[in-house]
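S.K.: Just dropping this structure here.
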Amino acid sequence: MILYSIVPSEVVFGDYSANPVSASMEMDYMGYRVQVSALPNNQYVINRLISTSPKAYLDPRLQPGTVIRK
Amino acid sequence: MTEENKVTFGRSSIEDIPREEKDKDSGNTDELDAIKELGKSTITSSKGNIHCLTIIGQVEGHIILPPQNKTTKYEHVIPQLVAIEEDQEIDGLLVVLNTVGGDVEAGLAIAEMIATMSKPTVSLVLGGGHSIGVPMAVATDYSFIAHSATMTIHPIRLSGMIIGIPQTYEYFDKMQERVVQFVSKNSRITSEKFRELMLKTGELANDVGTVLFGEEAVRYGLIDETGGLSEALKKLYDLIELKKSKSASEGNKRGELQ
């Protein structure tokens with residue numbers, strides 16, 4: 001992977017081992033498959049939408065960063 | 001999936017979705033968070049429906065970047081571009097850029113998607129449109145740069161272990177060529193001039209390259225015009241109007257032949 005950026009790689013990646021990527025899991029929400037990370041209070045934040053329907057990617061409720069409750 | 005008729009800024013207009021009374025307030029906050037995370041919105045007007053895509057921070061590639069980075073996720077942007085291209089109710093796309101670059105392939109993927117859309121597209125570089133932001137800015141039908149915005153043109157670098165053999169440099173050259181050719185094909189700058197800007201010494205503190213700011217980007221033929229939000233929107237609506245009248249006259253011609 002080539003990082004073509006004016007930000008030096010040591011700033012971008014920082015101390016990579018100190019920030020482990022939070023475990024994400026897949027679940028179904030509103031009929032679509034989403035990849036989520038767990039938050040406290042039984043909430044989840046959407047990391048990614050996995051769908052073959054392009055329309056779904058325009059739905060504001062399915063955008064990465066949306067906090068959902070299950 | 002129900003039809004989106006008129007999606008206003010950040011809110012879903014689909015009224016028949018049941019929403020519990022006590023969740024009404026938290027629902028609004030969730031939507032605000034969603035705009036904050038991705039910065040997407042639809043604007044509806046009588047001149048045409050346009051979508052606005054913001055390219056921010058780093059363009060994330062195949063590795064999830066650490067949380068201190070703000071990222072643009074290509075795996076979300078690309079299906080959105082597909083949806084915008086095929087949705088009959090969306091007439092055009094405004095791409096707003098303020099990016100420090102990022103993954104070459106993800107950036108070129110987004111740039112190629114934008115360049116090959118049939119609907120009118122206009123880009124606006126605000127703040128910065130550096131590195132891989134350059135191909136993305138020129139990919140649209142027409143590009144604008146704000147007077148105070150800058151674009152850094154510099155060679156591709158690889159971090160980490162580099163094996164010092166000729167093949168490595170040929171590989172780099174090929175990778176770089178992808179960017180140079182895309183930019184010269186989609187703007188008025190020649191590939192020789194672009195390469196010259198890329199390798200200029202004396203401007204950047206820790207690299208070779210050039211920082212173009214505002215007017216300079218237009219002068220070199222990289223960006224079409226200096227301007228801001230109102231100019232970019234006006235241009236986009238003009239392009240939409242042009243496309244509508246062109247397809248209307250083609251329809252009339254076909255009618256006459258019959």
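For the structure tokens, the naming scheme is as follows: chains receive sequential letters (A, B, ...) according to their order of presentation, residues are indexed from 1 within each chain, and ligands are indexed from 1 in presentation order.
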Using 10 Å as the limit and counting only C-alpha atoms, can you tabulate each residue of region 81-130 of chain B that touches region 47-64 of chain A, with its shortest atom-to-atom distance in Å and the two atoms involved, as JSON lines?

M.R.:
{"residue": "B:Leu81", "atom": "CA", "partner": "A:Pro54", "partner_atom": "CA", "distance": 8.1}
{"residue": "B:Val82", "atom": "CA", "partner": "A:Pro54", "partner_atom": "CA", "distance": 6.0}
{"residue": "B:Ala83", "atom": "CA", "partner": "A:Pro54", "partner_atom": "CA", "distance": 4.6}
{"residue": "B:Ile84", "atom": "CA", "partner": "A:Lys55", "partner_atom": "CA", "distance": 8.3}
{"residue": "B:Glu85", "atom": "CA", "partner": "A:Pro54", "partner_atom": "CA", "distance": 9.6}
{"residue": "B:Glu86", "atom": "CA", "partner": "A:Pro54", "partner_atom": "CA", "distance": 8.6}
{"residue": "B:Asp87", "atom": "CA", "partner": "A:Lys55", "partner_atom": "CA", "distance": 8.0}

S.K.: Just to be explicit: take each residue in the selection above, keep N, CA and C atoms, and write the result as a PDB file, in the first residue's frame.

M.R.:
ATOM      1  N   LEU B  81     -21.164   6.556  -5.266  1.00  0.00           N
ATOM      2  CA  LEU B  81     -21.036   7.087  -6.624  1.00  0.00           C
ATOM      3  C   LEU B  81     -21.868   6.260  -7.603  1.00  0.00           C
ATOM      4  N   VAL B  82     -21.909   4.954  -7.394  1.00  0.00           N
ATOM      5  CA  VAL B  82     -22.750   4.100  -8.240  1.00  0.00           C
ATOM      6  C   VAL B  82     -24.207   4.505  -8.078  1.00  0.00           C
ATOM      7  N   ALA B  83     -24.629   4.704  -6.822  1.00  0.00           N
ATOM      8  CA  ALA B  83     -26.017   5.083  -6.562  1.00  0.00           C
ATOM      9  C   ALA B  83     -26.344   6.423  -7.203  1.00  0.00           C
ATOM     10  N   ILE B  84     -25.423   7.380  -7.098  1.00  0.00           N
ATOM     11  CA  ILE B  84     -25.660   8.705  -7.667  1.00  0.00           C
ATOM     12  C   ILE B  84     -25.750   8.618  -9.189  1.00  0.00           C
ATOM     13  N   GLU B  85     -24.912   7.779  -9.783  1.00  0.00           N
ATOM     14  CA  GLU B  85     -24.917   7.641 -11.236  1.00  0.00           C
ATOM     15  C   GLU B  85     -26.211   7.036 -11.728  1.00  0.00           C
ATOM     16  N   GLU B  86     -26.761   6.066 -10.972  1.00  0.00           N
ATOM     17  CA  GLU B  86     -27.924   5.387 -11.512  1.00  0.00           C
ATOM     18  C   GLU B  86     -29.256   5.896 -10.986  1.00  0.00           C
ATOM     19  N   ASP B  87     -29.255   6.748  -9.981  1.00  0.00           N
ATOM     20  CA  ASP B  87     -30.518   7.255  -9.441  1.00  0.00           C
ATOM     21  C   ASP B  87     -31.054   8.343 -10.368  1.00  0.00           C
TER      22      ASP B  87
END

S.K.: Select all residues from chain B having any atom no more than 6 Å from an atom of chain A (counting only C-alpha atoms, ignoring ligands), output as an MDAnalysis selection string.

M.R.: chainID B and resid 34 37 79:80 82:83 100:104 131 156

S.K.: Dump all heavy atoms for the selected residues as a PDB file, in the first residue's frame?

M.R.:
ATOM      1  N   ALA B  34     -23.964  11.303  12.268  1.00  0.00           N
ATOM      2  CA  ALA B  34     -23.729  10.690  10.962  1.00  0.00           C
ATOM      3  C   ALA B  34     -23.195  11.726   9.971  1.00  0.00           C
ATOM      4  O   ALA B  34     -22.286  11.453   9.225  1.00  0.00           O
ATOM      5  CB  ALA B  34     -25.017  10.067  10.422  1.00  0.00           C
ATOM      6  N   GLU B  37     -19.617  12.395  10.792  1.00  0.00           N
ATOM      7  CA  GLU B  37     -18.689  11.357  10.397  1.00  0.00           C
ATOM      8  C   GLU B  37     -18.421  11.356   8.907  1.00  0.00           C
ATOM      9  O   GLU B  37     -17.319  11.138   8.465  1.00  0.00           O
ATOM     10  CB  GLU B  37     -19.239   9.972  10.796  1.00  0.00           C
ATOM     11  CG  GLU B  37     -19.334   9.733  12.277  1.00  0.00           C
ATOM     12  CD  GLU B  37     -17.998   9.694  12.969  1.00  0.00           C
ATOM     13  OE1 GLU B  37     -17.026   9.213  12.377  1.00  0.00           O
ATOM     14  OE2 GLU B  37     -17.912  10.156  14.116  1.00  0.00           O
ATOM     15  N   PRO B  79     -19.664   2.821  -3.715  1.00  0.00           N
ATOM     16  CA  PRO B  79     -21.074   2.481  -3.950  1.00  0.00           C
ATOM     17  C   PRO B  79     -21.972   3.710  -3.972  1.00  0.00           C
ATOM     18  O   PRO B  79     -22.982   3.729  -4.681  1.00  0.00           O
ATOM     19  CB  PRO B  79     -21.422   1.568  -2.771  1.00  0.00           C
ATOM     20  CG  PRO B  79     -20.129   1.047  -2.296  1.00  0.00           C
ATOM     21  CD  PRO B  79     -19.129   2.110  -2.550  1.00  0.00           C
ATOM     22  N   GLN B  80     -21.615   4.751  -3.210  1.00  0.00           N
ATOM     23  CA  GLN B  80     -22.406   5.982  -3.258  1.00  0.00           C
ATOM     24  C   GLN B  80     -22.347   6.596  -4.646  1.00  0.00           C
ATOM     25  O   GLN B  80     -23.352   7.086  -5.159  1.00  0.00           O
ATOM     26  CB  GLN B  80     -21.886   7.001  -2.239  1.00  0.00           C
ATOM     27  CG  GLN B  80     -22.281   6.683  -0.818  1.00  0.00           C
ATOM     28  CD  GLN B  80     -21.810   7.723   0.157  1.00  0.00           C
ATOM     29  OE1 GLN B  80     -20.786   8.353  -0.057  1.00  0.00           O
ATOM     30  NE2 GLN B  80     -22.548   7.909   1.219  1.00  0.00           N
ATOM     31  N   VAL B  82     -21.909   4.954  -7.394  1.00  0.00           N
ATOM     32  CA  VAL B  82     -22.750   4.100  -8.240  1.00  0.00           C
ATOM     33  C   VAL B  82     -24.207   4.505  -8.078  1.00  0.00           C
ATOM     34  O   VAL B  82     -24.938   4.648  -9.054  1.00  0.00           O
ATOM     35  CB  VAL B  82     -22.566   2.610  -7.869  1.00  0.00           C
ATOM     36  CG1 VAL B  82     -23.544   1.742  -8.646  1.00  0.00           C
ATOM     37  CG2 VAL B  82     -21.154   2.157  -8.140  1.00  0.00           C
ATOM     38  N   ALA B  83     -24.629   4.704  -6.822  1.00  0.00           N
ATOM     39  CA  ALA B  83     -26.017   5.083  -6.562  1.00  0.00           C
ATOM     40  C   ALA B  83     -26.344   6.423  -7.203  1.00  0.00           C
ATOM     41  O   ALA B  83     -27.399   6.595  -7.801  1.00  0.00           O
ATOM     42  CB  ALA B  83     -26.257   5.153  -5.062  1.00  0.00           C
ATOM     43  N   VAL B 100      -5.344  15.580   2.671  1.00  0.00           N
ATOM     44  CA  VAL B 100      -3.889  15.557   2.675  1.00  0.00           C
ATOM     45  C   VAL B 100      -3.364  14.376   1.862  1.00  0.00           C
ATOM     46  O   VAL B 100      -2.212  14.007   1.971  1.00  0.00           O
ATOM     47  CB  VAL B 100      -3.314  15.489   4.105  1.00  0.00           C
ATOM     48  CG1 VAL B 100      -3.506  16.802   4.809  1.00  0.00           C
ATOM     49  CG2 VAL B 100      -3.934  14.374   4.908  1.00  0.00           C
ATOM     50  N   GLY B 101      -4.206  13.760   1.093  1.00  0.00           N
ATOM     51  CA  GLY B 101      -3.771  12.647   0.268  1.00  0.00           C
ATOM     52  C   GLY B 101      -4.156  11.321   0.902  1.00  0.00           C
ATOM     53  O   GLY B 101      -5.139  11.214   1.611  1.00  0.00           O
ATOM     54  N   GLY B 102      -3.354  10.303   0.628  1.00  0.00           N
ATOM     55  CA  GLY B 102      -3.658   8.994   1.191  1.00  0.00           C
ATOM     56  C   GLY B 102      -3.252   7.881   0.250  1.00  0.00           C
ATOM     57  O   GLY B 102      -2.312   8.003  -0.524  1.00  0.00           O
ATOM     58  N   ASP B 103      -3.983   6.783   0.321  1.00  0.00           N
ATOM     59  CA  ASP B 103      -3.645   5.614  -0.467  1.00  0.00           C
ATOM     60  C   ASP B 103      -3.792   5.905  -1.966  1.00  0.00           C
ATOM     61  O   ASP B 103      -4.819   6.410  -2.404  1.00  0.00           O
ATOM     62  CB  ASP B 103      -4.554   4.449  -0.070  1.00  0.00           C
ATOM     63  CG  ASP B 103      -4.185   3.170  -0.758  1.00  0.00           C
ATOM     64  OD1 ASP B 103      -3.075   2.669  -0.515  1.00  0.00           O
ATOM     65  OD2 ASP B 103      -4.975   2.683  -1.577  1.00  0.00           O
ATOM     66  N   VAL B 104      -2.761   5.547  -2.729  1.00  0.00           N
ATOM     67  CA  VAL B 104      -2.762   5.842  -4.167  1.00  0.00           C
ATOM     68  C   VAL B 104      -3.901   5.137  -4.879  1.00  0.00           C
ATOM     69  O   VAL B 104      -4.648   5.739  -5.646  1.00  0.00           O
ATOM     70  CB  VAL B 104      -1.416   5.435  -4.806  1.00  0.00           C
ATOM     71  CG1 VAL B 104      -1.510   5.454  -6.315  1.00  0.00           C
ATOM     72  CG2 VAL B 104      -0.332   6.380  -4.369  1.00  0.00           C
ATOM     73  N   SER B 131      -1.376  15.861  -2.892  1.00  0.00           N
ATOM     74  CA  SER B 131      -0.968  14.512  -3.297  1.00  0.00           C
ATOM     75  C   SER B 131      -2.037  13.805  -4.117  1.00  0.00           C
ATOM     76  O   SER B 131      -2.316  14.210  -5.220  1.00  0.00           O
ATOM     77  CB  SER B 131      -0.607  13.697  -2.046  1.00  0.00           C
ATOM     78  OG  SER B 131       0.170  14.457  -1.164  1.00  0.00           O
ATOM     79  N   ILE B 156       5.702  10.230  -5.537  1.00  0.00           N
ATOM     80  CA  ILE B 156       5.232   9.173  -4.651  1.00  0.00           C
ATOM     81  C   ILE B 156       6.419   8.632  -3.872  1.00  0.00           C
ATOM     82  O   ILE B 156       7.489   8.430  -4.413  1.00  0.00           O
ATOM     83  CB  ILE B 156       4.586   8.047  -5.482  1.00  0.00           C
ATOM     84  CG1 ILE B 156       3.276   8.568  -6.074  1.00  0.00           C
ATOM     85  CG2 ILE B 156       4.319   6.824  -4.656  1.00  0.00           C
ATOM     86  CD1 ILE B 156       2.598   7.561  -6.940  1.00  0.00           C
TER      87      ILE B 156
END

S.K.: For the atom pair CA of Pro67 (chain B) and CA of Val36 (chain A), what is the interatomic distance in Å to one decimal place?

M.R.: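 Between CA of Pro67 (chain B) and CA of Val36 (chain A) the gap works out to 15.3 Å.
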
S.K.: Between CA of Leu239 (chain B) and CA of Pro120 (chain B), what is the distance, to one decimal in Å?

M.R.: 5.9 Å

S.K.: Enter the distance from CA of Ala217 (chain B) to CA of Glu196 (chain B), in Å, rounded to one decimal.

M.R.: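 Distance between the two atoms: 14.0 Å.
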
S.K.: DSSP on the backbone: what in region 3-60 of chain A comes out strand (DSSP E), as a PyMOL selection string?

M.R.: chain A and resi 3-5+24-29+32-39+43-50
